[in-house]
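What follows is the content of model_33.cif (mmCIF, C-alpha atoms).
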```cif
data_query
loop_
_atom_site.group_PDB
_atom_site.id
_atom_site.type_symbol
_atom_site.label_atom_id
_atom_site.label_comp_id
_atom_site.auth_asym_id
_atom_site.auth_seq_id
_atom_site.Cartn_x
_atom_site.Cartn_y
_atom_site.Cartn_z
ATOM 1 C CA MET V 55 -73.525 -55.415 -23.629
ATOM 2 C CA MET V 56 -71.107 -52.477 -23.578
ATOM 3 C CA ASP V 57 -71.976 -49.413 -21.568
ATOM 4 C CA PRO V 58 -73.086 -46.608 -23.947
ATOM 5 C CA ASP V 59 -71.114 -44.094 -21.870
ATOM 6 C CA HIS V 60 -68.016 -46.236 -22.202
ATOM 7 C CA GLN V 61 -68.352 -46.175 -26.009
ATOM 8 C CA LYS V 62 -67.916 -42.396 -25.986
ATOM 9 C CA LYS V 63 -64.246 -42.712 -25.151
ATOM 10 C CA SER V 64 -63.211 -43.637 -28.712
ATOM 11 C CA SER V 65 -61.882 -40.197 -29.553
ATOM 12 C CA PHE V 66 -58.401 -39.406 -30.825
ATOM 13 C CA PHE V 67 -57.815 -36.526 -28.405
ATOM 14 C CA ALA V 68 -59.838 -37.947 -25.512
ATOM 15 C CA PRO V 69 -59.263 -41.733 -25.424
ATOM 16 C CA TYR V 70 -60.733 -42.030 -21.905
ATOM 17 C CA SER V 71 -64.212 -41.055 -20.868
ATOM 18 C CA SER V 72 -65.262 -39.815 -17.469
ATOM 19 C CA ARG V 73 -66.720 -43.265 -16.793
ATOM 20 C CA ASP V 74 -63.386 -45.063 -17.176
ATOM 21 C CA PRO V 75 -62.952 -47.034 -13.920
ATOM 22 C CA SER V 76 -59.158 -46.677 -14.060
ATOM 23 C CA MET V 77 -59.541 -42.921 -13.711
ATOM 24 C CA ASP V 78 -61.685 -43.043 -10.573
ATOM 25 C CA VAL V 79 -59.304 -41.362 -8.138
ATOM 26 C CA PRO V 80 -60.677 -40.925 -4.603
ATOM 27 C CA VAL V 81 -61.059 -37.266 -3.713
ATOM 28 C CA THR V 82 -62.699 -37.538 -0.326
ATOM 29 C CA ALA V 83 -61.166 -35.772 2.670
ATOM 30 C CA GLY V 84 -59.871 -38.974 4.199
ATOM 31 C CA GLN V 85 -58.324 -40.382 1.028
ATOM 32 C CA ALA V 86 -57.183 -37.338 -0.951
ATOM 33 C CA GLY V 87 -53.750 -37.329 0.644
ATOM 34 C CA SER V 88 -53.170 -41.068 0.427
ATOM 35 C CA ILE V 89 -53.116 -41.473 -3.371
ATOM 36 C CA MET V 90 -51.924 -38.769 -5.724
ATOM 37 C CA SER V 91 -52.601 -40.558 -9.013
ATOM 38 C CA PRO V 92 -53.652 -44.060 -10.142
ATOM 39 C CA TYR V 93 -50.288 -44.230 -11.954
ATOM 40 C CA LEU V 94 -48.269 -42.848 -9.012
ATOM 41 C CA ASN V 95 -49.449 -44.929 -6.095
ATOM 42 C CA PHE V 96 -47.313 -44.018 -3.071
ATOM 43 C CA ASP V 97 -47.782 -42.393 0.283
ATOM 44 C CA PRO V 98 -46.994 -38.628 0.159
ATOM 45 C CA ALA V 99 -46.012 -38.819 3.830
ATOM 46 C CA PHE V 100 -42.586 -39.952 2.616
ATOM 47 C CA ILE V 101 -41.971 -36.520 1.099
ATOM 48 C CA SER V 102 -43.890 -34.393 3.601
ATOM 49 C CA PRO V 103 -41.862 -31.404 4.848
ATOM 50 C CA GLY V 104 -40.977 -30.989 8.485
ATOM 51 C CA GLY V 105 -40.556 -34.636 9.328
ATOM 52 C CA ASP V 106 -37.418 -36.320 10.611
ATOM 53 C CA SER V 107 -37.218 -38.388 7.434
ATOM 54 C CA GLU V 108 -36.923 -35.299 5.233
ATOM 55 C CA PHE V 109 -33.123 -35.433 5.337
ATOM 56 C CA ILE V 110 -30.759 -38.362 5.675
ATOM 57 C CA PHE V 111 -27.697 -37.882 7.854
ATOM 58 C CA PRO V 112 -24.768 -40.291 8.198
ATOM 59 C CA GLU V 113 -24.457 -41.979 11.547
ATOM 60 C CA GLY V 114 -22.813 -39.662 14.064
ATOM 61 C CA ALA V 115 -23.012 -36.674 11.703
ATOM 62 C CA ASN V 116 -24.137 -33.258 12.839
ATOM 63 C CA ARG V 117 -27.568 -32.032 11.757
ATOM 64 C CA GLN V 118 -26.084 -28.585 11.296
ATOM 65 C CA ARG V 119 -23.247 -27.358 9.131
ATOM 66 C CA GLY V 120 -20.049 -26.797 11.055
ATOM 67 C CA ARG V 121 -17.872 -23.728 11.010
ATOM 68 C CA LEU V 122 -15.545 -25.230 8.404
ATOM 69 C CA GLU V 123 -18.394 -25.656 5.918
ATOM 70 C CA LEU V 124 -19.784 -22.202 6.708
ATOM 71 C CA SER V 125 -16.389 -20.567 6.266
ATOM 72 C CA PHE V 126 -16.447 -21.034 2.478
ATOM 73 C CA SER V 127 -19.733 -19.192 2.070
ATOM 74 C CA GLN V 128 -18.633 -16.522 4.554
ATOM 75 C CA ILE V 129 -15.409 -15.813 2.682
ATOM 76 C CA GLY V 130 -17.118 -15.772 -0.719
ATOM 77 C CA GLY V 131 -19.952 -13.600 0.534
ATOM 78 C CA SER V 132 -17.489 -11.161 2.091
ATOM 79 C CA VAL V 133 -15.571 -10.854 -1.180
ATOM 80 C CA PHE V 134 -18.744 -10.170 -3.158
ATOM 81 C CA ALA V 135 -20.058 -7.732 -0.541
ATOM 82 C CA GLY V 136 -16.738 -5.886 -0.468
ATOM 83 C CA GLY V 137 -16.682 -5.678 -4.251
ATOM 84 C CA ALA V 138 -20.229 -4.300 -4.343
ATOM 85 C CA VAL V 139 -19.615 -1.693 -1.631
ATOM 86 C CA GLY V 140 -16.291 -0.682 -3.139
ATOM 87 C CA GLY V 141 -17.821 -0.467 -6.611
ATOM 88 C CA LEU V 142 -20.558 1.873 -5.386
ATOM 89 C CA ASN V 143 -18.008 3.990 -3.553
ATOM 90 C CA GLY V 144 -15.851 4.066 -6.675
ATOM 91 C CA LEU V 145 -18.823 5.142 -8.749
ATOM 92 C CA TYR V 146 -19.518 8.019 -6.383
ATOM 93 C CA SER V 147 -15.846 9.043 -6.290
ATOM 94 C CA GLY V 148 -15.556 8.746 -10.062
ATOM 95 C CA LEU V 149 -18.560 10.970 -10.662
ATOM 96 C CA LYS V 150 -17.207 13.529 -8.225
ATOM 97 C CA GLU V 151 -13.630 13.535 -9.514
ATOM 98 C CA THR V 152 -14.451 13.536 -13.215
ATOM 99 C CA LYS V 153 -16.951 16.335 -12.730
ATOM 100 C CA ALA V 154 -14.351 18.391 -10.875
ATOM 101 C CA ALA V 155 -11.827 17.732 -13.646
ATOM 102 C CA GLN V 156 -14.449 18.614 -16.293
ATOM 103 C CA LEU V 157 -13.903 15.375 -18.196
ATOM 104 C CA THR V 158 -16.422 14.335 -20.837
ATOM 105 C CA GLY V 159 -17.096 11.520 -23.259
ATOM 106 C CA ALA V 160 -14.951 8.423 -23.435
ATOM 107 C CA VAL V 161 -12.262 9.875 -21.169
ATOM 108 C CA ARG V 162 -14.777 10.346 -18.357
ATOM 109 C CA ARG V 163 -16.186 6.836 -18.781
ATOM 110 C CA THR V 164 -12.698 5.337 -18.691
ATOM 111 C CA GLN V 165 -11.776 7.204 -15.531
ATOM 112 C CA MET V 166 -15.016 6.164 -13.846
ATOM 113 C CA LEU V 167 -14.392 2.527 -14.731
ATOM 114 C CA ASN V 168 -10.919 2.840 -13.233
ATOM 115 C CA PHE V 169 -12.352 4.206 -9.978
ATOM 116 C CA ILE V 170 -14.981 1.463 -9.787
ATOM 117 C CA ALA V 171 -12.537 -1.353 -10.561
ATOM 118 C CA LYS V 172 -9.799 -0.182 -8.202
ATOM 119 C CA GLN V 173 -11.978 0.570 -5.194
ATOM 120 C CA GLY V 174 -14.116 -2.513 -5.748
ATOM 121 C CA ALA V 175 -11.065 -4.784 -5.884
ATOM 122 C CA SER V 176 -9.517 -3.119 -2.835
ATOM 123 C CA SER V 177 -12.661 -3.478 -0.717
ATOM 124 C CA ALA V 178 -13.217 -7.068 -1.865
ATOM 125 C CA GLN V 179 -9.630 -7.980 -0.946
ATOM 126 C CA THR V 180 -9.894 -6.319 2.475
ATOM 127 C CA LEU V 181 -13.130 -8.016 3.481
ATOM 128 C CA GLY V 182 -11.954 -11.312 2.029
ATOM 129 C CA VAL V 183 -8.789 -11.258 4.133
ATOM 130 C CA VAL V 184 -10.757 -10.368 7.268
ATOM 131 C CA ALA V 185 -13.252 -13.178 6.615
ATOM 132 C CA LEU V 186 -10.404 -15.626 5.978
ATOM 133 C CA MET V 187 -8.679 -14.789 9.259
ATOM 134 C CA TYR V 188 -11.963 -14.959 11.165
ATOM 135 C CA SER V 189 -12.778 -18.343 9.640
ATOM 136 C CA ILE V 190 -9.339 -19.752 10.485
ATOM 137 C CA PHE V 191 -9.614 -18.637 14.103
ATOM 138 C CA GLY V 192 -13.169 -19.964 14.332
ATOM 139 C CA VAL V 193 -12.303 -23.386 12.886
ATOM 140 C CA VAL V 194 -9.256 -23.772 15.138
ATOM 141 C CA LEU V 195 -11.262 -22.821 18.233
ATOM 142 C CA SER V 196 -14.151 -25.088 17.276
ATOM 143 C CA MET V 197 -11.895 -28.084 16.708
ATOM 144 C CA GLY V 198 -9.740 -27.366 19.742
ATOM 145 C CA ARG V 199 -12.606 -26.938 22.185
ATOM 146 C CA GLY V 200 -14.837 -29.536 20.588
ATOM 147 C CA VAL V 201 -17.893 -27.297 20.865
ATOM 148 C CA GLU V 202 -19.473 -24.562 18.769
ATOM 149 C CA ASP V 203 -20.863 -21.672 20.799
ATOM 150 C CA GLU V 204 -20.872 -17.895 21.131
ATOM 151 C CA LEU V 205 -17.487 -17.892 22.881
ATOM 152 C CA ASN V 206 -15.813 -19.115 19.694
ATOM 153 C CA THR V 207 -17.468 -16.367 17.666
ATOM 154 C CA ILE V 208 -16.468 -13.568 20.033
ATOM 155 C CA THR V 209 -12.924 -14.879 20.483
ATOM 156 C CA ALA V 210 -12.396 -15.348 16.742
ATOM 157 C CA ALA V 211 -13.678 -11.854 15.934
ATOM 158 C CA THR V 212 -11.537 -10.246 18.639
ATOM 159 C CA ALA V 213 -8.425 -12.113 17.507
ATOM 160 C CA THR V 214 -9.135 -11.140 13.905
ATOM 161 C CA GLY V 215 -9.294 -7.461 14.788
ATOM 162 C CA LEU V 216 -6.078 -7.670 16.819
ATOM 163 C CA LEU V 217 -4.188 -9.528 14.085
ATOM 164 C CA TYR V 218 -5.425 -7.350 11.227
ATOM 165 C CA LYS V 219 -4.228 -4.144 12.896
ATOM 166 C CA CYS V 220 -1.166 -5.550 14.660
ATOM 167 C CA SER V 221 1.253 -3.872 12.232
ATOM 168 C CA ALA V 222 -0.255 -0.406 12.756
ATOM 169 C CA GLY V 223 0.790 0.032 16.371
ATOM 170 C CA TRP V 224 -0.640 -1.173 19.650
ATOM 171 C CA LYS V 225 -3.324 1.517 19.823
ATOM 172 C CA ARG V 226 -4.844 0.584 16.480
ATOM 173 C CA CYS V 227 -4.349 -3.067 17.326
ATOM 174 C CA VAL V 228 -6.405 -2.701 20.504
ATOM 175 C CA ARG V 229 -8.960 -0.633 18.637
ATOM 176 C CA GLY V 230 -9.303 -3.341 15.979
ATOM 177 C CA GLY V 231 -9.757 -5.993 18.644
ATOM 178 C CA GLY V 232 -12.397 -3.852 20.340
ATOM 179 C CA ILE V 233 -14.285 -3.409 17.072
ATOM 180 C CA GLY V 234 -14.214 -7.152 16.451
ATOM 181 C CA PHE V 235 -15.367 -7.843 20.007
ATOM 182 C CA GLY V 236 -18.223 -5.327 19.747
ATOM 183 C CA LEU V 237 -19.471 -6.620 16.391
ATOM 184 C CA ALA V 238 -19.316 -10.251 17.515
ATOM 185 C CA THR V 239 -21.076 -9.480 20.795
ATOM 186 C CA ALA V 240 -23.870 -7.630 19.014
ATOM 187 C CA TYR V 241 -24.237 -10.510 16.550
ATOM 188 C CA CYS V 242 -24.410 -13.109 19.325
ATOM 189 C CA LEU V 243 -26.923 -11.064 21.310
ATOM 190 C CA TYR V 244 -29.121 -10.771 18.217
ATOM 191 C CA THR V 245 -28.934 -14.382 17.025
ATOM 192 C CA SER V 246 -28.961 -16.088 20.441
ATOM 193 C CA ARG V 247 -31.321 -13.852 22.365
ATOM 194 C CA ASP V 248 -33.881 -16.634 22.924
ATOM 195 C CA ARG V 249 -31.283 -19.020 24.326
ATOM 196 C CA LEU V 250 -29.821 -16.293 26.520
ATOM 197 C CA LYS V 251 -33.267 -15.472 27.876
ATOM 198 C CA ASP V 252 -33.759 -19.128 28.806
ATOM 199 C CA MET V 253 -30.353 -19.219 30.513
ATOM 200 C CA PHE V 254 -31.043 -16.113 32.602
ATOM 201 C CA SER V 255 -34.605 -17.161 33.408
ATOM 202 C CA LYS V 256 -33.369 -20.461 34.851
ATOM 203 C CA ASP V 257 -30.980 -18.599 37.127
#
```

For the file at hand, write its structure as structure tokens.
Amino acid sequence: MMDPDHQKKSSFFAPYSSRDPSMDVPVTAGQAGSIMSPYLNFDPAFISPGGDSEFIFPEGANRQRGRLELSFSQIGGSVFAGGAVGGLNGLYSGLKETKAAQLTGAVRRTQMLNFIAKQGASSAQTLGVVALMYSIFGVVLSMGRGVEDELNTITAATATGLLYKCSAGWKRCVRGGGIGFGLATAYCLYTSRDRLKDMFSKD
């Protein structure tokens, strides 16, 4: 004889009743994580975050992106950042210059667009060239030394500053190298402070 509760499932919008044995999914504390659905029977531990099996790496590959891979995002980010900073500076200069010249209407808008486009392109080109030189120095040092550490970062930044200002005289060349050295040193001290603390504490 058919269960009277089981007969209640013959509905067009609800074809299964609460008494359907195929829908009895365990929800106890010990079994809730083992089965997600009666139609999706697998162990969620295979997709759990934080485990070593979360990512698959080729044999002998690095678990961290190298400087060559990072250089593409660094160059692109520098170009976009330079364009944004230059565009804001051009907007400020355009407002100031057009107000001083008492321009109005379409003429003022055109002049402001010219300021924004020119200064944005100039800043984007400058930062892009600096990032390109820094990335080239960093990749060459990383491949030549066979190791990626703070020394490569500081050396690449110093060499970038020296090379970028080498045509402006030795004083500006040294100043550019000093700026690159200072920025790289501050960056390394900020990003590697825990490792540096461990190194000094061991000594």

Legend entry - Distance in Å - atom CA of V:Met166 versus atom CA of V:Gly136: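 Between atom CA of V:Met166 and atom CA of V:Gly136 the gap works out to 18.1 Å.
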
Inset, instruction - Give the answer as one residue: which of V:Ser127, V:Thr152, V:Thr214, V:Ser255 has the shortest atom-to-atom distance to V:Val183, using all atoms listed in the file? - result: V:Thr214

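Nearest-residue note for V:Gly141: choosing from V:Ser196, V:Gln173, V:Thr164, V:Gln128, the minimum distance belongs to V:Gln173, counting only C-alpha atoms.
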
Legend entry - Residue nearest V:Phe126 - candidates V:Ala210, V:Val228, V:Ile190, V:Leu237, atoms counted: all atoms listed in the file: V:Ile190

Legend entry - Selection under test: the PyMOL selection byres ((chain V and resi 125) around 12); residues as a list in words: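 Applying the PyMOL selection byres ((chain V and resi 125) around 12) to the structure shown produces Arg119, Gly120, Arg121, Leu122, Glu123, Leu124, Phe126, Ser127, Gln128, Ile129, Gly130, Gly131, Ser132, Gly182, Val184, Ala185, Leu186, Met187, Tyr188, Ser189, Ile190, Phe191, Gly192, Val193 and Val194 of chain V.
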
Legend entry - d(atom CA of V:Gly137, atom CA of V:Ser177) in Å: 5.8 Å
